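Here is the structure we will look at, set down as structure tokens.
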Amino acid sequence: MADAVTARTDDYSQWYLDVVREAKLADYSPVRGCMVIRPHGYALWEHMQDALDGMFKETGHENAYFPLFVPQSFLEREAEHVEGFAKEVALVTHSRLVEDEDEGGLVPDPESELGEPLVVRPTSETVIWNKYADWIQSYRDLPLLMNQWANVVRWEMRTRLFLRTTEFLWQEGHTAHATRKEAEEETRRMLEVYRTFAEEYMAMPVFAGVKTESERFPGAVNTYCIEALMQDGRALQAGTSHFLGQNFAKAFDCTFANQDNEEEYVWATSWGVSTRLVGGLIMTHSDDQGLVLPPKLAPTQVVIVPIYFDDDQQTDVMNRADDLLGELEDAGLRAELDARDTQRPGWKFAEHELQGVPVRLGLGPRDLENGTVELARRDQPGDKENVSQGGLADRVRATLEEMQQDLYDRAKAHREERTRTATSYDEFKKAVAEGGFVWAHWDGSEETEARIQEETKATIRLVPLPGETERQPGEDLLTGEPSEGRVLFARAY
RNA sequence: CGGGGCGUGGCGCAGUCCGGCAGCGCGCAUCGUUCGGGACGAUGAGGUCCCCGGUUCAAAUCCGGGCGCCCCGACCA
């Protein structure tokens with residue numbers, strides 16, 4: 001069969017689309033900019049959810065659900081919030097369709113026009129803070145630590161499967177605190193949760209930091225983020241955590257009585273990651289053979305492909321394969337026996353490769369004789385090893401652990417290789433054009449930031465966290481004005 | 001919103017310039033031979049050629065209008 005996947009060096013964008021299609025992760029929908037997440041893609045998302053949800057619970061959060069619809073007036077309460085989201089919300093204005101007498105077909109029933117239009121949530125701060133105002137009266141009600149798994153809609157101009165779709169799935173945490181300090185700590189705590197998840201589960205190294213004002217979440221005092229570097233040298237914002245100050249508390253009049261019975265506004269945070277992470281996962285590890293998944297998130301971690309030539313062999317091989325499957329499952333591995341009699345082994349090899357199953361085991365008549373299994377690791381195409389059937393589960397587990405680590409190490413090496421420090425504007429422009437992260441001095445002004453973006457297409461991805469890296473003062477590459485320290489630039493998705 | 005491309009069996013496309021039986025590859029179905037890296041042969045099923053209108057004996061093809069999608073760019077998680 002011809003190559004199902006375009007080579008990355010030929011056309012990275014097409015490669016990405018090919019992988020999404022061939023790995024059966026998602027498909028286009030009849031509605032522009034929306035996508036259908038197929039079972040394989042959804043299973044991947046579910047494993048991400050499981051890991052994240054566990055981490056949220058461990059840090060004291062509870063899940064809840066707030067509605068899809070937000071009264072338009074809610075959005076208007078917080079000035080910056082409105083400005084940020086007004087240009088990309090979907091509106092519900094009617095509740096009914098009627099037959100059009102002139103043209104035929106259906107039209108909105110004018111009688112059913114809503115008194116106040118509803119916006120489909122682009123994020124839920126407003127509906128949530130409207131309720132928090134009711135629920136919070138005393139310092140005894142704080143902190144309030146909630147999360148919700150939901151869909152949101154942002155009417156983007158240009159979309160890309162997983163990376164930017166009109167509707168997407170995400171998780172949004174919303175917390176309320178009695179003090180500024182506590183809220184800031186929460187913001188940082190959740191940023192660390194995201195960092196841990198990205199690195200330990202996704203095997204995706206990230207830089208953590210603070211956004212500049214121009215990149216800040218509408219309505220936030222500060223936006224923290226993790227940024228990853230994709231294979232093509234473009235950066236991807238993989239998660240954000242916002243310190244909202246008292247902005248939403250003021251907008252929704254959410255106050256509490258402190259221990260001295262003084263009324264104070266509540267301090268807030270919000271934080272989220274989305275199905276965009278699936279896109280990031282693809283662009284971090286996958287290759288020209290298709291999807292490559294880190295074992296911890298792979299829906300199927302190990303697949304057994306039986307090989308046989310006649311009915312007797314089929315019986316023997318399948319019996320042995322069943323036993324081995326049981327052993328793998330008992331060891332807590334997500335294992336699958338590809339028992340389909342309708343496809344041939346070579347076909348199955350190719351398919352599991354496209355779909356990114358981390359470990360493949362081939363079991364044929366020869367293996368029955370020798371007491372072996374052929375083991376292949378997805379991230380080492382072409383390498384195959386005959387291993388003993390005895391202690392197979394332990395061997396597979398060890399291989400999965402190694403692979404998880406190797407994927408991270410490889411991604412990190414790639415990032416190191418493509419992270420440079422620029423000491424002149426020429427050097428900066430060259431580094432940005434080649435792709436990758438570039439550390440450079442910046443004078444802190446929005447004008448300079450905009451000019452650099454204009455001239456190079458690079459944006460400031462983050463300002464490093466205090467104490468995270470040593471910050472040496474210097475001079476802005478473009479203006480020569482004083483800089484407090486280098487910031488991280490890149491062209492971004 | 002600008003630029004480009006595309007709309008023809010499930011998928012990918014040719015055919016459109018120059019009007020004349022709607023084709024090819026993959027996939028699908030049945031049978032046979034096969035089977036340790038996407039097998040081969042035979043037979044077969046499957047189509048409002050995006051929509052509306054016009055020209056013509058005749059339109060996938062020409063003319064007019066509309067719609068949709070994808071890719072690239074500006075804005076965004």
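Order determines the names: the first chain of the structure tokens is A, the second B, and so forth; residues in each chain are numbered 1 upward, and ligands are numbered 1 upward as they are shown.
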
Please, which residues in chain B fall within 8 Å of chain A when counting only C-alpha atoms (C1' of nucleotides), and what is the closest atom pair and distance in Å to one decimal for each, ordered by chain then residue number, as a Markdown table?
```
| residue | atom | partner | partner_atom | distance |
| --- | --- | --- | --- | --- |
| B:C35 | C1' | A:Phe309 | CA | 5.9 |
| B:G36 | C1' | A:Ile307 | CA | 6.9 |
| B:G37 | C1' | A:Gly346 | CA | 4.6 |
| B:G38 | C1' | A:Trp347 | CA | 4.3 |
| B:C69 | C1' | A:Arg32 | CA | 7.7 |
| B:C75 | C1' | A:Met157 | CA | 7.5 |
| B:C76 | C1' | A:Glu156 | CA | 6.7 |
| B:A77 | C1' | A:Ser274 | CA | 7.2 |
```

Checklist entry - So which residues touch region 12-18 of chain B within 10 Å, counting only C-alpha atoms (C1' of nucleotides), skipping near sequence neighbours fewer than 3 positions away, as a PyMOL selection string? => result chain B and resi 8+22-26+60-62

Checklist entry - Hey, what's within 7 Å of region 119-125 of chain A if we count only C-alpha atoms (C1' of nucleotides) and toss same-chain stuff fewer than 3 positions away? As a ChimeraX atom specification, please? => result /A:68-72,89-92,128-129,152-154

Output for the residues just chosen: all heavy atoms as a tab-separated table (two decimals), in the first residue's frame:
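Below is the file selection_4.tsv, written as the result:
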```tsv
chain	number	residue	atom	x	y	z
A	68	LEU	N	-24.58	25.42	29.74
A	68	LEU	CA	-23.99	25.80	28.45
A	68	LEU	C	-24.30	27.25	28.10
A	68	LEU	O	-23.50	27.94	27.49
A	68	LEU	CB	-24.58	24.87	27.38
A	68	LEU	CG	-24.26	25.10	25.92
A	68	LEU	CD1	-22.79	24.79	25.66
A	68	LEU	CD2	-25.15	24.23	25.05
A	69	PHE	N	-25.50	27.70	28.51
A	69	PHE	CA	-25.96	29.03	28.10
A	69	PHE	C	-25.67	30.08	29.16
A	69	PHE	O	-25.86	29.85	30.35
A	69	PHE	CB	-27.47	29.02	27.83
A	69	PHE	CG	-27.86	28.12	26.71
A	69	PHE	CD1	-28.83	27.13	26.89
A	69	PHE	CD2	-27.26	28.24	25.46
A	69	PHE	CE1	-29.18	26.30	25.84
A	69	PHE	CE2	-27.62	27.41	24.41
A	69	PHE	CZ	-28.58	26.43	24.61
A	70	VAL	N	-25.24	31.23	28.68
A	70	VAL	CA	-24.91	32.34	29.57
A	70	VAL	C	-25.73	33.55	29.12
A	70	VAL	O	-25.67	33.90	27.94
A	70	VAL	CB	-23.41	32.69	29.46
A	70	VAL	CG1	-23.05	33.85	30.37
A	70	VAL	CG2	-22.55	31.47	29.77
A	71	PRO	N	-26.47	34.18	30.03
A	71	PRO	CA	-27.20	35.39	29.62
A	71	PRO	C	-26.19	36.41	29.08
A	71	PRO	O	-25.12	36.60	29.66
A	71	PRO	CB	-27.82	35.90	30.93
A	71	PRO	CG	-27.86	34.70	31.83
A	71	PRO	CD	-26.69	33.85	31.45
A	72	GLN	N	-26.56	37.02	27.99
A	72	GLN	CA	-25.63	37.96	27.35
A	72	GLN	C	-25.15	39.03	28.32
A	72	GLN	O	-23.99	39.43	28.31
A	72	GLN	CB	-26.32	38.60	26.15
A	72	GLN	CG	-25.39	39.51	25.37
A	72	GLN	CD	-26.09	40.14	24.17
A	72	GLN	OE1	-26.73	39.45	23.41
A	72	GLN	NE2	-25.97	41.44	24.04
A	89	VAL	N	-18.39	34.84	20.16
A	89	VAL	CA	-19.42	34.02	20.80
A	89	VAL	C	-20.54	33.65	19.83
A	89	VAL	O	-20.89	34.42	18.93
A	89	VAL	CB	-20.07	34.71	22.03
A	89	VAL	CG1	-19.08	34.82	23.16
A	89	VAL	CG2	-20.66	36.05	21.67
A	90	ALA	N	-21.10	32.46	20.05
A	90	ALA	CA	-22.29	32.05	19.33
A	90	ALA	C	-23.49	32.49	20.16
A	90	ALA	O	-23.45	32.46	21.38
A	90	ALA	CB	-22.30	30.53	19.16
A	91	LEU	N	-24.54	32.93	19.48
A	91	LEU	CA	-25.71	33.48	20.16
A	91	LEU	C	-26.94	32.64	19.92
A	91	LEU	O	-27.18	32.19	18.81
A	91	LEU	CB	-26.03	34.85	19.57
A	91	LEU	CG	-25.33	36.09	20.09
A	91	LEU	CD1	-25.95	37.30	19.41
A	91	LEU	CD2	-25.49	36.19	21.59
A	92	VAL	N	-27.75	32.48	20.96
A	92	VAL	CA	-29.07	31.89	20.79
A	92	VAL	C	-30.08	33.00	20.95
A	92	VAL	O	-30.11	33.68	21.98
A	92	VAL	CB	-29.35	30.79	21.84
A	92	VAL	CG1	-30.74	30.23	21.66
A	92	VAL	CG2	-28.31	29.69	21.72
A	128	ILE	N	-20.48	31.06	36.68
A	128	ILE	CA	-20.02	30.49	37.93
A	128	ILE	C	-19.95	31.55	39.03
A	128	ILE	O	-20.41	31.34	40.15
A	128	ILE	CB	-18.67	29.78	37.71
A	128	ILE	CG1	-18.92	28.48	36.94
A	128	ILE	CG2	-17.97	29.51	39.04
A	128	ILE	CD1	-17.70	27.68	36.60
A	129	TRP	N	-19.43	32.72	38.69
A	129	TRP	CA	-19.33	33.75	39.72
A	129	TRP	C	-20.68	34.31	40.11
A	129	TRP	O	-20.88	34.75	41.24
A	129	TRP	CB	-18.32	34.82	39.31
A	129	TRP	CG	-16.97	34.28	39.63
A	129	TRP	CD1	-16.17	33.54	38.83
A	129	TRP	CD2	-16.33	34.32	40.91
A	129	TRP	NE1	-15.07	33.10	39.52
A	129	TRP	CE2	-15.14	33.59	40.79
A	129	TRP	CE3	-16.66	34.91	42.14
A	129	TRP	CZ2	-14.26	33.42	41.87
A	129	TRP	CZ3	-15.78	34.76	43.20
A	129	TRP	CH2	-14.60	34.02	43.06
A	152	VAL	N	-17.01	24.00	25.25
A	152	VAL	CA	-17.18	25.44	25.08
A	152	VAL	C	-17.09	25.77	23.60
A	152	VAL	O	-16.61	24.96	22.80
A	152	VAL	CB	-16.13	26.26	25.86
A	152	VAL	CG1	-16.38	26.21	27.35
A	152	VAL	CG2	-14.73	25.79	25.55
A	153	VAL	N	-17.59	26.95	23.26
A	153	VAL	CA	-17.61	27.37	21.86
A	153	VAL	C	-16.94	28.73	21.71
A	153	VAL	O	-17.28	29.67	22.42
A	153	VAL	CB	-19.07	27.43	21.32
A	153	VAL	CG1	-19.12	28.17	20.00
A	153	VAL	CG2	-19.63	26.02	21.17
A	154	ARG	N	-15.97	28.79	20.83
A	154	ARG	CA	-15.36	30.08	20.47
A	154	ARG	C	-15.30	30.13	18.95
A	154	ARG	O	-14.69	29.27	18.33
A	154	ARG	CB	-13.96	30.20	21.07
A	154	ARG	CG	-14.02	30.23	22.59
A	154	ARG	CD	-12.66	30.37	23.21
A	154	ARG	NE	-12.79	30.20	24.66
A	154	ARG	CZ	-11.77	30.18	25.52
A	154	ARG	NH1	-10.54	30.36	25.07
A	154	ARG	NH2	-11.98	30.01	26.80
```

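Distance check against Ala257 (chain A) using only C-alpha atoms: of A:Gln148, A:Thr372, A:Ser138, A:Ser483, the minimum falls on A:Ser138.
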
Checklist entry - Got a sec: who's within 12 Å of U30 (chain B), counting only C-alpha atoms (C1' of nucleotides), leaving out chain neighbours fewer than 5 positions off, as JSON, numbers by chain? => result {"B": [42, 43, 44, 45]}

Write out as a short mmCIF file (atom, residue, chain, number, x, y, z; two decimals) with N, CA, C and O atoms, in the first residue's frame the residues lying within 7 Å of region 139-142 of chain A, counting only C-alpha atoms (C1' of nucleotides) and excluding same-chain residues fewer than 5 positions away.
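See around-v7.cif below for the written result:
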```cif
data_model
loop_
_atom_site.label_atom_id
_atom_site.label_comp_id
_atom_site.auth_asym_id
_atom_site.auth_seq_id
_atom_site.Cartn_x
_atom_site.Cartn_y
_atom_site.Cartn_z
N ALA A 176 -12.35 30.04 44.65
CA ALA A 176 -12.59 31.29 45.38
C ALA A 176 -11.83 31.23 46.69
O ALA A 176 -11.84 30.20 47.37
N HIS A 177 -11.17 32.32 47.03
CA HIS A 177 -10.30 32.33 48.21
C HIS A 177 -10.48 33.61 49.03
O HIS A 177 -10.89 34.64 48.50
N ALA A 178 -10.08 33.49 50.30
CA ALA A 178 -10.23 34.63 51.20
C ALA A 178 -9.11 35.65 51.04
O ALA A 178 -9.31 36.84 51.31
N PHE A 256 -17.44 38.37 51.13
CA PHE A 256 -17.55 37.51 52.31
C PHE A 256 -17.19 38.32 53.56
O PHE A 256 -16.49 39.34 53.47
N ALA A 257 -17.67 37.85 54.69
CA ALA A 257 -17.32 38.48 55.96
C ALA A 257 -16.08 37.79 56.51
O ALA A 257 -16.06 36.57 56.65
N ASN A 258 -15.04 38.55 56.76
CA ASN A 258 -13.83 37.94 57.30
C ASN A 258 -13.96 37.72 58.80
O ASN A 258 -15.02 38.00 59.39
N GLN A 259 -12.90 37.26 59.44
CA GLN A 259 -13.00 36.90 60.86
C GLN A 259 -13.27 38.11 61.75
O GLN A 259 -13.73 37.97 62.88
#
```

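CA of Arg340 (chain A) is positioned 13.2 Å from CA of Val317 (chain A).
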
Next on the checklist: Taking the DSSP secondary structure from the backbone, can you list the residues of region 214-266 of chain A that are helix (DSSP H, G or I), as a list in words?
Outcome noted: Ser214, Glu215, Asn247, Phe248, Ala249, Lys250 and Ala251 of chain A

Could the residues in this selection be written to a file with N, CA, C and O atoms, as a short mmCIF file (atom, residue, chain, number, x, y, z; two decimals), in the first residue's frame?
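Output file result-v1.cif follows:
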```cif
data_model
loop_
_atom_site.label_atom_id
_atom_site.label_comp_id
_atom_site.auth_asym_id
_atom_site.auth_seq_id
_atom_site.Cartn_x
_atom_site.Cartn_y
_atom_site.Cartn_z
N SER A 214 -0.46 41.49 26.77
CA SER A 214 -1.19 41.32 25.52
C SER A 214 -1.70 39.89 25.34
O SER A 214 -2.64 39.66 24.58
N GLU A 215 -1.10 38.95 26.02
CA GLU A 215 -1.49 37.54 25.88
C GLU A 215 -2.34 37.07 27.05
O GLU A 215 -2.69 35.90 27.14
N ASN A 247 -11.45 40.73 40.25
CA ASN A 247 -12.20 41.28 39.11
C ASN A 247 -13.60 40.69 38.96
O ASN A 247 -14.58 41.41 38.79
N PHE A 248 -13.69 39.37 39.03
CA PHE A 248 -15.00 38.75 38.84
C PHE A 248 -15.85 38.89 40.11
O PHE A 248 -17.07 39.02 40.04
N ALA A 249 -15.21 38.88 41.27
CA ALA A 249 -15.94 39.08 42.52
C ALA A 249 -16.61 40.45 42.50
O ALA A 249 -17.76 40.61 42.91
N LYS A 250 -15.89 41.44 42.00
CA LYS A 250 -16.46 42.78 41.92
C LYS A 250 -17.58 42.84 40.88
O LYS A 250 -18.63 43.42 41.12
N ALA A 251 -17.35 42.20 39.76
CA ALA A 251 -18.36 42.23 38.70
C ALA A 251 -19.65 41.54 39.13
O ALA A 251 -20.73 41.92 38.69
#
```

Checklist entry - Which polymer residues have any atom within 7 Å of an atom of region 302-304 of chain A, counting only C-alpha atoms (C1' of nucleotides), with same-chain residues fewer than 4 positions away left out, as a list in words? => result Arg334, Ala335, Glu336, Leu337, Asp338, Val357, Pro358, Val359, Arg360, Leu361 and Gly362 of chain A

Filtering to all heavy atoms, could you give me those residues as a short mmCIF file (atom, residue, chain, number, x, y, z; two decimals), in the first residue's frame?
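Just written: selection.cif:
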```cif
data_model
loop_
_atom_site.label_atom_id
_atom_site.label_comp_id
_atom_site.auth_asym_id
_atom_site.auth_seq_id
_atom_site.Cartn_x
_atom_site.Cartn_y
_atom_site.Cartn_z
N ARG A 334 -3.08 -2.42 29.75
CA ARG A 334 -4.20 -2.32 28.80
C ARG A 334 -3.79 -3.09 27.55
O ARG A 334 -3.08 -2.58 26.69
CB ARG A 334 -4.49 -0.86 28.49
CG ARG A 334 -5.04 -0.10 29.69
CD ARG A 334 -5.61 1.26 29.28
NE ARG A 334 -4.60 2.21 28.88
CZ ARG A 334 -3.92 3.00 29.72
NH1 ARG A 334 -4.12 2.93 31.04
NH2 ARG A 334 -3.04 3.87 29.27
N ALA A 335 -4.22 -4.36 27.50
CA ALA A 335 -3.78 -5.25 26.44
C ALA A 335 -4.94 -5.64 25.54
O ALA A 335 -6.10 -5.61 25.95
CB ALA A 335 -3.16 -6.50 27.04
N GLU A 336 -4.60 -5.96 24.31
CA GLU A 336 -5.63 -6.33 23.34
C GLU A 336 -5.09 -7.46 22.49
O GLU A 336 -3.90 -7.49 22.17
CB GLU A 336 -5.92 -5.10 22.46
CG GLU A 336 -7.03 -5.26 21.48
CD GLU A 336 -6.98 -4.17 20.39
OE1 GLU A 336 -6.83 -2.97 20.76
OE2 GLU A 336 -7.06 -4.51 19.20
N LEU A 337 -5.97 -8.41 22.18
CA LEU A 337 -5.61 -9.48 21.25
C LEU A 337 -6.34 -9.20 19.95
O LEU A 337 -7.57 -9.16 19.93
CB LEU A 337 -6.02 -10.85 21.83
CG LEU A 337 -5.95 -12.05 20.89
CD1 LEU A 337 -4.55 -12.21 20.31
CD2 LEU A 337 -6.38 -13.31 21.61
N ASP A 338 -5.59 -8.97 18.90
CA ASP A 338 -6.23 -8.66 17.62
C ASP A 338 -6.62 -9.97 16.94
O ASP A 338 -5.88 -10.51 16.13
CB ASP A 338 -5.28 -7.85 16.74
CG ASP A 338 -5.99 -7.29 15.53
OD1 ASP A 338 -7.10 -7.77 15.22
OD2 ASP A 338 -5.44 -6.37 14.89
N VAL A 357 -0.06 2.18 18.87
CA VAL A 357 0.01 1.24 20.00
C VAL A 357 1.49 1.07 20.39
O VAL A 357 2.31 0.73 19.56
CB VAL A 357 -0.60 -0.13 19.62
CG1 VAL A 357 -0.50 -1.09 20.80
CG2 VAL A 357 -2.03 0.04 19.17
N PRO A 358 1.84 1.33 21.65
CA PRO A 358 3.26 1.37 22.04
C PRO A 358 4.02 0.07 21.81
O PRO A 358 5.14 0.10 21.31
CB PRO A 358 3.21 1.73 23.53
CG PRO A 358 1.92 2.45 23.70
CD PRO A 358 0.96 1.81 22.74
N VAL A 359 3.42 -1.05 22.21
CA VAL A 359 4.14 -2.32 22.07
C VAL A 359 3.30 -3.32 21.30
O VAL A 359 2.11 -3.50 21.57
CB VAL A 359 4.52 -2.92 23.45
CG1 VAL A 359 5.01 -4.36 23.31
CG2 VAL A 359 5.58 -2.06 24.12
N ARG A 360 3.93 -3.96 20.32
CA ARG A 360 3.24 -4.99 19.55
C ARG A 360 3.93 -6.33 19.79
O ARG A 360 5.17 -6.41 19.75
CB ARG A 360 3.27 -4.66 18.08
CG ARG A 360 2.42 -5.62 17.25
CD ARG A 360 2.67 -5.49 15.78
NE ARG A 360 3.98 -5.98 15.42
CZ ARG A 360 4.86 -5.30 14.71
NH1 ARG A 360 4.60 -4.07 14.31
NH2 ARG A 360 6.02 -5.83 14.40
N LEU A 361 3.13 -7.34 20.02
CA LEU A 361 3.67 -8.68 20.19
C LEU A 361 3.18 -9.55 19.04
O LEU A 361 1.99 -9.62 18.78
CB LEU A 361 3.20 -9.29 21.51
CG LEU A 361 3.56 -8.51 22.78
CD1 LEU A 361 2.89 -9.13 23.99
CD2 LEU A 361 5.07 -8.44 22.97
N GLY A 362 4.09 -10.20 18.33
CA GLY A 362 3.72 -11.13 17.28
C GLY A 362 3.87 -12.55 17.81
O GLY A 362 4.88 -12.88 18.43
#
```
